[in-house]
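Student: Got a structure for you, query-v5.cif, holding mmCIF, C-alpha atoms.
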data_run
#
loop_
_atom_site.label_atom_id
_atom_site.label_comp_id
_atom_site.auth_asym_id
_atom_site.auth_seq_id
_atom_site.Cartn_x
_atom_site.Cartn_y
_atom_site.Cartn_z
CA MET A 22 -65.36 60.05 19.54
CA SER A 23 -65.67 56.29 19.78
CA LYS A 24 -63.47 54.16 17.61
CA LYS A 25 -65.08 52.37 14.69
CA LYS A 26 -65.55 48.69 15.43
CA SER A 27 -63.65 46.25 13.28
CA GLY A 28 -65.13 43.02 11.97
CA ARG A 29 -61.94 41.20 12.94
CA PRO A 30 -62.40 38.72 15.85
CA HIS A 31 -60.87 39.65 19.20
CA GLY A 32 -57.77 37.82 20.37
CA HIS A 33 -55.10 35.90 18.54
CA TYR A 34 -55.56 33.06 16.03
CA CYS A 35 -54.22 29.55 16.70
CA LYS A 36 -53.41 27.71 13.47
CA ILE A 37 -53.71 24.31 15.17
CA CYS A 38 -57.20 24.44 16.70
CA GLY A 39 -58.41 27.23 14.41
CA GLU A 40 -59.77 29.34 17.27
CA TYR A 41 -59.27 32.97 18.25
CA LYS A 42 -58.15 33.14 21.88
CA ALA A 43 -57.14 35.83 24.30
CA ASN A 44 -53.49 36.90 24.21
CA GLU A 45 -52.89 35.36 27.63
CA LYS A 46 -53.66 31.95 26.13
CA PHE A 47 -50.41 32.23 24.14
CA SER A 48 -46.84 32.17 25.35
CA GLY A 49 -44.27 34.48 23.81
CA LYS A 50 -43.04 31.91 21.32
CA GLY A 51 -46.55 30.57 20.84
CA HIS A 52 -47.83 34.02 19.98
CA ALA A 53 -45.24 34.35 17.22
CA ALA A 54 -45.86 30.78 15.97
CA HIS A 55 -49.68 31.16 16.19
CA ILE A 56 -49.98 28.16 18.55
CA CYS A 57 -51.89 28.49 21.81
CA LYS A 58 -50.63 27.01 25.07
CA ALA A 59 -53.13 24.12 24.94
CA CYS A 60 -52.11 23.09 21.43
CA SER A 61 -48.39 23.49 22.19
CA ARG A 62 -48.68 20.57 24.62
CA LEU A 63 -49.75 18.23 21.81
CA SER A 64 -47.30 15.87 20.14
CA ALA A 65 -46.01 16.71 16.66
CA ALA A 66 -48.33 14.11 15.11
CA GLU A 67 -51.34 15.44 17.02
CA LYS A 68 -50.53 19.00 15.99
CA ALA A 69 -50.27 17.99 12.33
CA GLU A 70 -53.59 16.13 12.41
CA ALA A 71 -55.39 18.92 14.26
CA GLN A 72 -54.04 21.51 11.82
CA THR A 73 -55.18 19.43 8.84
CA ILE A 74 -58.67 19.02 10.31
CA THR A 75 -58.81 22.77 10.94
CA ARG A 76 -57.90 23.47 7.33
CA LEU A 77 -60.54 21.03 6.09
CA THR A 78 -63.16 22.55 8.39
CA ASN A 79 -62.40 26.04 7.06
CA PHE A 80 -61.93 24.95 3.46
CA PRO A 81 -63.02 27.47 0.77
CA THR A 82 -66.64 27.13 -0.28
CA GLY A 83 -66.27 28.64 -3.74
CA ARG A 84 -64.33 27.51 -6.78
CA LEU A 85 -61.11 25.74 -5.76
CA SER A 86 -57.70 26.57 -7.08
CA ALA A 87 -55.64 23.81 -8.67
CA ASN A 88 -53.45 23.62 -5.55
CA ASP A 89 -56.42 23.42 -3.18
CA LYS A 90 -58.05 20.68 -5.27
CA ALA A 91 -54.81 18.66 -5.43
CA TRP A 92 -54.30 19.01 -1.66
CA LEU A 93 -57.91 17.94 -0.97
CA GLU A 94 -57.63 14.91 -3.27
CA ASN A 95 -54.48 13.81 -1.45
CA ARG A 96 -56.31 14.00 1.87
CA LEU A 97 -58.87 11.49 0.55
CA HIS A 98 -56.16 8.83 0.87
CA ASP A 99 -54.82 10.06 4.23
CA HIS A 100 -53.74 7.30 6.62
CA ARG A 101 -55.55 9.09 9.46
CA PRO A 102 -59.19 7.90 9.43
CA GLU A 103 -60.70 11.11 10.81
CA VAL A 104 -58.84 13.22 8.25
CA ALA A 105 -59.80 10.96 5.32
CA GLU A 106 -63.48 10.88 6.38
CA LEU A 107 -63.70 14.67 6.72
CA ALA A 108 -61.88 15.10 3.40
CA ARG A 109 -64.49 12.89 1.69
CA GLU A 110 -67.30 15.02 3.14
CA VAL A 111 -65.66 18.24 1.94
CA TYR A 112 -64.88 16.71 -1.46
CA ASN A 113 -68.47 15.54 -1.94
CA ILE A 114 -69.71 19.06 -1.20
CA HIS A 115 -67.48 20.53 -3.90
CA PHE A 116 -67.84 17.64 -6.34
CA PRO A 117 -71.21 15.96 -5.58
CA TYR A 118 -71.13 13.80 -8.72
CA ALA A 119 -67.49 12.72 -8.54
CA GLU A 120 -68.22 9.34 -6.95
CA ARG A 121 -71.07 8.69 -9.38
CA ASN A 122 -68.91 9.58 -12.38
CA ALA A 123 -66.12 7.32 -11.12
CA ARG A 124 -68.57 4.40 -10.91
CA LYS A 125 -69.73 5.03 -14.47
CA LYS A 126 -66.24 4.37 -15.78
CA GLN A 127 -66.15 0.96 -14.08
CA LEU A 128 -69.59 -0.32 -15.14
CA ILE A 129 -70.21 -2.19 -18.37
CA ILE A 130 -73.56 -3.96 -18.80
CA ASN A 131 -73.51 -7.50 -20.17
CA THR A 132 -77.25 -8.18 -19.92
CA LEU A 133 -80.18 -5.89 -19.22
CA VAL A 134 -83.75 -7.06 -18.56
CA PHE A 135 -86.41 -4.35 -18.31
CA GLU A 136 -89.98 -5.32 -17.42
CA ILE A 137 -92.85 -2.83 -17.41
CA HIS A 138 -96.48 -3.26 -16.26
CA THR A 139 -98.19 0.11 -16.18
CA GLU A 140 -99.77 2.76 -18.39
CA VAL A 141 -97.66 4.97 -20.63
CA PHE A 142 -98.61 8.08 -22.56
CA ASP A 143 -98.25 7.76 -26.30
CA GLU A 144 -97.35 10.57 -28.73
CA TYR A 145 -101.00 11.68 -28.85
CA GLY A 146 -101.31 12.03 -25.08
CA ASP A 147 -103.39 8.88 -24.62
CA GLU A 148 -102.64 6.43 -21.82
CA LEU A 149 -102.01 2.91 -23.04
CA PRO A 150 -101.55 -0.16 -20.84
CA VAL A 151 -98.13 -1.73 -21.31
CA ASN A 152 -97.07 -5.22 -20.24
CA ARG A 153 -93.73 -5.94 -21.87
CA ARG A 154 -90.28 -7.26 -21.20
CA PHE A 155 -87.11 -6.23 -23.01
CA THR A 156 -83.86 -8.16 -22.91
CA ALA A 157 -80.56 -6.84 -24.27
CA ASN A 158 -77.43 -9.00 -24.37
CA ARG A 159 -74.12 -7.32 -25.17
CA ILE A 160 -72.33 -10.60 -25.94
CA SER A 161 -74.89 -12.09 -28.34
CA ARG A 162 -76.02 -8.61 -29.50
CA VAL A 163 -79.63 -9.83 -29.39
CA LEU A 164 -82.42 -7.47 -28.36
CA THR A 165 -85.77 -9.10 -27.51
CA MET A 166 -89.23 -7.73 -26.72
CA THR A 167 -91.96 -9.91 -25.20
CA ASP A 168 -95.51 -8.51 -25.28
CA PHE A 169 -97.56 -10.15 -22.52
CA ASP A 170 -100.75 -8.57 -23.89
CA GLY A 171 -100.14 -10.30 -27.18
CA ASP A 172 -100.21 -13.88 -25.88
CA GLY A 173 -96.56 -13.63 -24.99
CA ALA A 174 -95.55 -12.82 -28.55
CA GLU A 175 -91.80 -12.35 -28.79
CA GLN A 176 -89.77 -10.32 -31.27
CA SER A 177 -85.99 -10.46 -31.53
CA MET A 178 -83.34 -8.75 -33.55
CA THR A 179 -79.56 -8.77 -33.71
CA LEU A 180 -77.95 -5.36 -33.47
CA ASP A 181 -74.60 -4.26 -34.74
CA GLY A 182 -72.03 -4.68 -31.97
CA LYS A 183 -71.38 -0.96 -31.80
CA LYS A 184 -75.11 -0.15 -31.59
CA MET A 185 -75.64 -2.62 -28.75
CA SER A 186 -72.64 -1.25 -26.82
CA THR A 187 -73.87 2.30 -27.39
CA LEU A 188 -77.34 1.41 -26.10
CA LEU A 189 -76.06 -0.19 -22.90
CA ARG A 190 -73.46 2.53 -22.36
CA TRP A 191 -76.23 5.13 -22.71
CA ALA A 192 -78.20 3.36 -19.97
CA VAL A 193 -75.21 3.73 -17.63
CA HIS A 194 -73.78 7.12 -18.55
CA SER A 195 -76.89 9.10 -19.49
CA LEU A 196 -79.72 7.39 -17.61
CA GLU A 197 -77.44 6.44 -14.68
CA ILE A 198 -79.48 3.28 -14.25
CA PHE A 199 -77.22 2.01 -11.46
CA MET A 200 -78.29 4.97 -9.29
CA TRP A 201 -82.05 4.57 -9.64
CA PRO A 202 -82.56 3.02 -6.18
CA GLU A 203 -80.96 6.11 -4.61
CA ASP A 204 -82.40 8.70 -7.00
CA TYR A 205 -85.98 7.43 -6.70
CA ASP A 206 -87.98 6.39 -3.67
CA LEU A 207 -88.66 2.76 -4.58
CA SER A 208 -89.97 1.60 -1.22
CA PRO A 209 -92.53 -1.22 -1.65
CA SER A 210 -94.80 0.38 0.96
CA ARG A 211 -98.35 0.62 -0.39
CA ASN A 212 -98.48 4.24 0.74
CA SER A 213 -95.47 5.16 -1.39
CA VAL A 214 -97.41 6.79 -4.18
CA PRO A 215 -96.72 9.76 -6.42
CA PRO A 216 -98.07 13.22 -5.52
CA TYR A 217 -101.81 13.51 -6.13
CA PHE A 218 -101.50 16.12 -8.87
CA ASP A 219 -104.58 14.82 -10.70
CA LEU A 220 -106.82 14.48 -7.63
CA LEU A 221 -108.77 17.10 -5.74
CA PRO A 222 -107.77 17.54 -2.08
CA GLU A 223 -110.97 15.90 -0.84
CA TYR A 224 -109.85 12.65 -2.48
CA TRP A 225 -106.37 12.63 -0.91
CA PRO A 226 -105.70 9.92 1.71
CA ASP A 227 -106.09 10.94 5.34
CA GLU A 228 -102.83 12.17 6.86
CA ASP A 229 -103.48 10.21 10.03
CA GLU A 230 -103.99 6.98 8.12
CA GLU A 231 -101.46 4.48 9.39
CA ALA A 232 -98.82 3.57 6.83
CA ASP A 233 -98.47 -0.05 5.87
CA GLU A 234 -95.28 -1.69 7.00
CA ASP A 235 -92.70 -2.40 4.33
CA PHE A 236 -93.07 -5.84 2.88
CA SER A 237 -90.82 -8.07 0.87
CA ASP A 238 -91.14 -9.11 -2.77
CA GLU A 239 -92.62 -12.42 -1.61
CA ASP A 240 -95.45 -10.55 0.14
CA MET A 241 -96.26 -8.49 -2.94
CA PRO A 242 -99.38 -9.78 -4.72
CA GLU A 243 -98.83 -10.81 -8.33
CA GLY A 244 -99.20 -7.99 -10.83
CA GLU A 245 -98.33 -5.11 -8.49
CA VAL A 246 -94.80 -4.67 -9.82
CA CYS A 247 -94.84 -1.52 -11.94
CA TRP A 248 -91.41 -2.05 -13.50
CA ARG A 249 -88.34 -4.10 -12.81
CA VAL A 250 -84.73 -3.89 -14.00
CA GLN A 251 -82.25 -6.77 -13.74
CA ILE A 252 -78.65 -6.08 -14.71
CA GLU A 253 -75.55 -8.23 -14.96
CA TYR A 254 -72.32 -6.27 -15.29
CA ALA A 255 -69.08 -7.33 -16.93
CA ASN A 256 -67.42 -7.53 -13.49
CA HIS A 257 -69.90 -10.34 -12.60
CA THR A 258 -71.92 -8.20 -10.17
CA THR A 259 -75.70 -8.09 -10.47
CA GLN A 260 -78.33 -5.51 -9.63
CA GLU A 261 -82.10 -5.71 -9.37
CA ILE A 262 -84.24 -2.58 -9.19
CA VAL A 263 -87.97 -2.91 -8.57
CA SER A 264 -90.68 -0.26 -8.36
CA TYR A 265 -94.12 -1.00 -6.95
CA GLN A 266 -95.39 2.54 -7.50
CA ASP A 267 -98.00 2.61 -10.21
CA TYR A 268 -96.41 5.27 -12.37
CA LEU A 269 -93.33 5.57 -14.53
CA MET A 270 -90.47 7.90 -13.58
CA ASP A 271 -88.79 9.95 -16.27
CA ARG A 272 -85.65 7.87 -16.83
CA PRO A 273 -87.39 4.46 -16.79
CA GLU A 274 -89.88 5.91 -19.28
CA GLU A 275 -87.00 7.16 -21.43
CA LEU A 276 -85.49 3.68 -21.40
CA TYR A 277 -88.82 2.11 -22.38
CA LEU A 278 -89.36 4.47 -25.30
CA ALA A 279 -85.79 3.97 -26.52
CA LEU A 280 -86.13 0.17 -26.47
CA LEU A 281 -89.57 0.29 -28.07
CA GLU A 282 -88.20 2.31 -31.00
CA TYR A 283 -86.27 -0.73 -32.22
CA PHE A 284 -89.51 -2.68 -32.70
CA GLU A 285 -91.78 0.01 -34.10
CA PRO A 286 -92.20 -0.08 -37.89
CA GLU A 287 -90.83 2.98 -39.63
CA THR A 288 -93.54 4.86 -41.51
CA ASP A 289 -93.48 8.08 -43.43
CA ASP A 290 -96.48 10.03 -42.20
CA PHE A 291 -96.26 12.50 -45.05
CA ASP A 292 -96.30 9.76 -47.70
CA GLU A 293 -99.24 8.03 -46.01
CA GLU A 294 -101.23 11.25 -45.81
CA TYR A 295 -100.43 12.12 -49.41
CA THR A 296 -101.46 8.67 -50.59
CA GLU A 297 -104.76 8.81 -48.73
CA ASN A 298 -105.66 12.26 -50.02
CA ALA A 299 -104.29 11.87 -53.54
CA PRO A 300 -106.92 12.38 -56.23
CA LEU A 301 -107.93 9.31 -58.21
CA GLU A 302 -106.93 9.33 -61.88
#
Can you give me the file's structure in the form of C-alpha cells?
Tutor:
Amino acid sequence: MSKKKSGRPHGHYCKICGEYKANEKFSGKGHAAHICKACSRLSAAEKAEAQTITRLTNFPTGRLSANDKAWLENRLHDHRPEVAELAREVYNIHFPYAERNARKKQLIINTLVFEIHTEVFDEYGDELPVNRRFTANRISRVLTMTDFDGDGAEQSMTLDGKKMSTLLRWAVHSLEIFMWPEDYDLSPSRNSVPPYFDLLPEYWPDEDEEADEDFSDEDMPEGEVCWRVQIEYANHTTQEIVSYQDYLMDRPEELYLALLEYFEPETDDFDEEYTENAPLE
C-alpha cells in the first residue's frame, strides 16, 4: 500500500532565504540552525537583512496580531532601504488608507475656491446649468458665492468660526479633497469622458479613433473647465485640481450642494402649501 502524500514541501527549510532545500544543501550545524550552506557564507549583517526580507515576503495576509503590527511598523523606519521599501509595500496592503489618514491629520485649509461650470440635477431630477464660484476663508470666516449667470452677482456671509472650521475640516476628512487628483481620472484629454450610460452603442465613439494628445491649461479653450478647486493650506502649500470632463463626480457634487445650502432661502414647504390651499374666509 502506497504511503499517503503529505502537503509538506520536500527538503529542509532555511530561515534566511526562506526556501526548502535538499538535506545535502545543509551542513550538520546548518541543519540544526535551519541555515543552508549558501546562506551560512553570508556576513551577520547580510543574514539579518535576508531573514527580515524573508519574513516580510511571507508576512501573514489576514488580521495581524499586535506584535506583528508593531514589528511591521518598526520596519517602516529601517535603516536598510530595501527592507524599509518592502515594509511599506506590505504595510500598504494591510492598511491601504493609513497614509491617507496620516495626511488628513496634517492638513488644515485656510482658503478654498470652488468653481463649477456644468449641469447639476436638482431635487426634482431636472438638469440645471450652473456657473458659480464659491470662496471660503477660514481666517476671515467669510463665505462667498458668485453667480456668473446672474451678471456676476455676489453674495457673502460671515460664518461662526466653529462652523467655518467644521466646513473646511469636512472637505478634508470626509470628502478627502486633497486626494481627488488620484481618486478621479482628471486628464485634460478630450477623449477622457464618462461612460456612455445614456447613449446607445451606435452613438459611441469609434474604438480606433485616435486619442487627442494631452494638452495644458493654456491650450484649453475658454469655458471647457467643468470644475476647479484651488486650496491654500495652513502649512503654506497650495493645490489646484481641475476637471475638464463635462460631468460632476460624486464628491465634487456633494461639495457644491453643501456650499449652495448656505445661500438658499429656508422655506417651509408645508406652510406654503397650506397657505395656498387654505379656504378664504
Student: At a cut-off of 9 Å, using only C-alpha atoms, what residues contact Arg272 of chain A? Leave out same-chain residues fewer than 3 positions from it and give the result as a ChimeraX atom specification.
Tutor: /A:196-198,201,269,275-277
Student: Can you tell me which residues surround Glu140 of chain A at a distance of at most 7 Å, considering only C-alpha atoms, apart from same-chain residues fewer than 4 positions away, and format the answer as a PyMOL selection string?
Tutor: chain A and resi 148-151
Student: Between atom CA of Thr75 of chain A and atom CA of Arg62 of chain A, measure the distance and give it in Å to one decimal.
Tutor: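 Value for the atom CA of Thr75 of chain A-atom CA of Arg62 of chain A distance: 17.2 Å.
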Student: What residues come out when you apply the PyMOL selection byres ((chain A and resi 156) around 7) to this file, written as a ChimeraX atom specification?
Tutor: /A:133-135,154-155,157-158,164-166
Student: Tell me which residues the PyMOL selection byres ((chain A and resi 205) around 12) grabs here, as an mmCIF file with C-alpha atoms, in the frame of the given file.
Tutor:
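result-v6.cif written:
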data_model
loop_
_atom_site.group_PDB
_atom_site.id
_atom_site.type_symbol
_atom_site.label_atom_id
_atom_site.label_comp_id
_atom_site.auth_asym_id
_atom_site.auth_seq_id
_atom_site.Cartn_x
_atom_site.Cartn_y
_atom_site.Cartn_z
ATOM 1 C CA GLU A 197 -77.440 6.440 -14.680
ATOM 2 C CA ILE A 198 -79.480 3.280 -14.250
ATOM 3 C CA PHE A 199 -77.220 2.010 -11.460
ATOM 4 C CA MET A 200 -78.290 4.970 -9.290
ATOM 5 C CA TRP A 201 -82.050 4.570 -9.640
ATOM 6 C CA PRO A 202 -82.560 3.020 -6.180
ATOM 7 C CA GLU A 203 -80.960 6.110 -4.610
ATOM 8 C CA ASP A 204 -82.400 8.700 -7.000
ATOM 9 C CA ASP A 206 -87.980 6.390 -3.670
ATOM 10 C CA LEU A 207 -88.660 2.760 -4.580
ATOM 11 C CA SER A 208 -89.970 1.600 -1.220
ATOM 12 C CA PRO A 209 -92.530 -1.220 -1.650
ATOM 13 C CA SER A 213 -95.470 5.160 -1.390
ATOM 14 C CA VAL A 214 -97.410 6.790 -4.180
ATOM 15 C CA PRO A 215 -96.720 9.760 -6.420
ATOM 16 C CA ILE A 262 -84.240 -2.580 -9.190
ATOM 17 C CA VAL A 263 -87.970 -2.910 -8.570
ATOM 18 C CA SER A 264 -90.680 -0.260 -8.360
ATOM 19 C CA TYR A 265 -94.120 -1.000 -6.950
ATOM 20 C CA GLN A 266 -95.390 2.540 -7.500
ATOM 21 C CA LEU A 269 -93.330 5.570 -14.530
ATOM 22 C CA MET A 270 -90.470 7.900 -13.580
ATOM 23 C CA ASP A 271 -88.790 9.950 -16.270
ATOM 24 C CA ARG A 272 -85.650 7.870 -16.830
ATOM 25 C CA PRO A 273 -87.390 4.460 -16.790
#
Student: Care to translate the PyMOL selection byres ((chain A and resi 39-42) around 10) into actual residues of this file, as a PyMOL selection string?
Tutor: chain A and resi 30-38+43-47+55-57+71-72+74-76+78-79
Student: Point out the residue among A:Phe169, A:Leu188, A:Asp147, A:Thr132 with the least atom-to-atom distance to Ala255 of chain A, counting only C-alpha atoms.
Tutor: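 Looking only at the distances to Ala255 of chain A, the closest residue turns out to be A:Thr132.
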Student: Using Å and a single decimal, report how far atom CA of Glu94 of chain A sits from atom CA of Ile114 of chain A.
Tutor: 12.9 Å
Student: Just the number, please: distance in Å from atom CA of Trp92 of chain A to atom CA of Ser64 of chain A, one decimal.
Tutor: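 Here the two named atoms are 23.1 Å from each other.
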Student: Determine the nearest neighbour of Glu110 of chain A from the options A:Leu77, A:Ala66, A:Val141, A:Ile130, counting all atoms listed in the file.
Tutor: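 Smallest separation from Glu110 of chain A among the options: A:Leu77.
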Student: Could you check the closest approach to Gly182 of chain A for each of A:Arg101, A:Lys125, A:Arg159, A:His194 and tell me which residue wins, using all atoms listed in the file?
Tutor: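 Under the stated criterion, the closest residue is A:Arg159.
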Student: Identify which of the residues A:Leu85, A:Leu281, A:Ala54, A:Ile129 lies closest to Trp191 of chain A, counting all atoms listed in the file when measuring atom-to-atom distances.
Tutor: A:Ile129
Student: Excluding Asp181 of chain A and any residue of its chain fewer than 6 positions from it, enumerate the residues within 10 Å of it, using only C-alpha atoms, and give them as a list in words.
Tutor: Arg162, Val163 and Thr187 of chain A
Student: Out of A:Asn256, A:Glu245, A:Ser86, A:Ala192, which residue has the shortest atom-to-atom distance to Ala279 of chain A when counting only C-alpha atoms?
Tutor: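 For Ala279 of chain A, the nearest of the given residues is A:Ala192.
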Student: Taking every listed atom of segment 187-195 of chain A and adding 3 Å to each side, what centre and edge lengths in Å (one decimal) does the axis-aligned box have, as lines of an AutoDock Vina configuration file?
Tutor:
center_x = -75.8
center_y = 4.5
center_z = -22.5
size_x = 10.7
size_y = 15.3
size_z = 15.8
Student: Counting all atoms listed in the file, figure out which residue out of A:Gln251, A:Val193, A:Gly51, A:Leu93 gets nearest to Arg124 of chain A.
Tutor: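 Nearest candidate to Arg124 of chain A out of A:Gln251, A:Val193, A:Gly51, A:Leu93: A:Val193.
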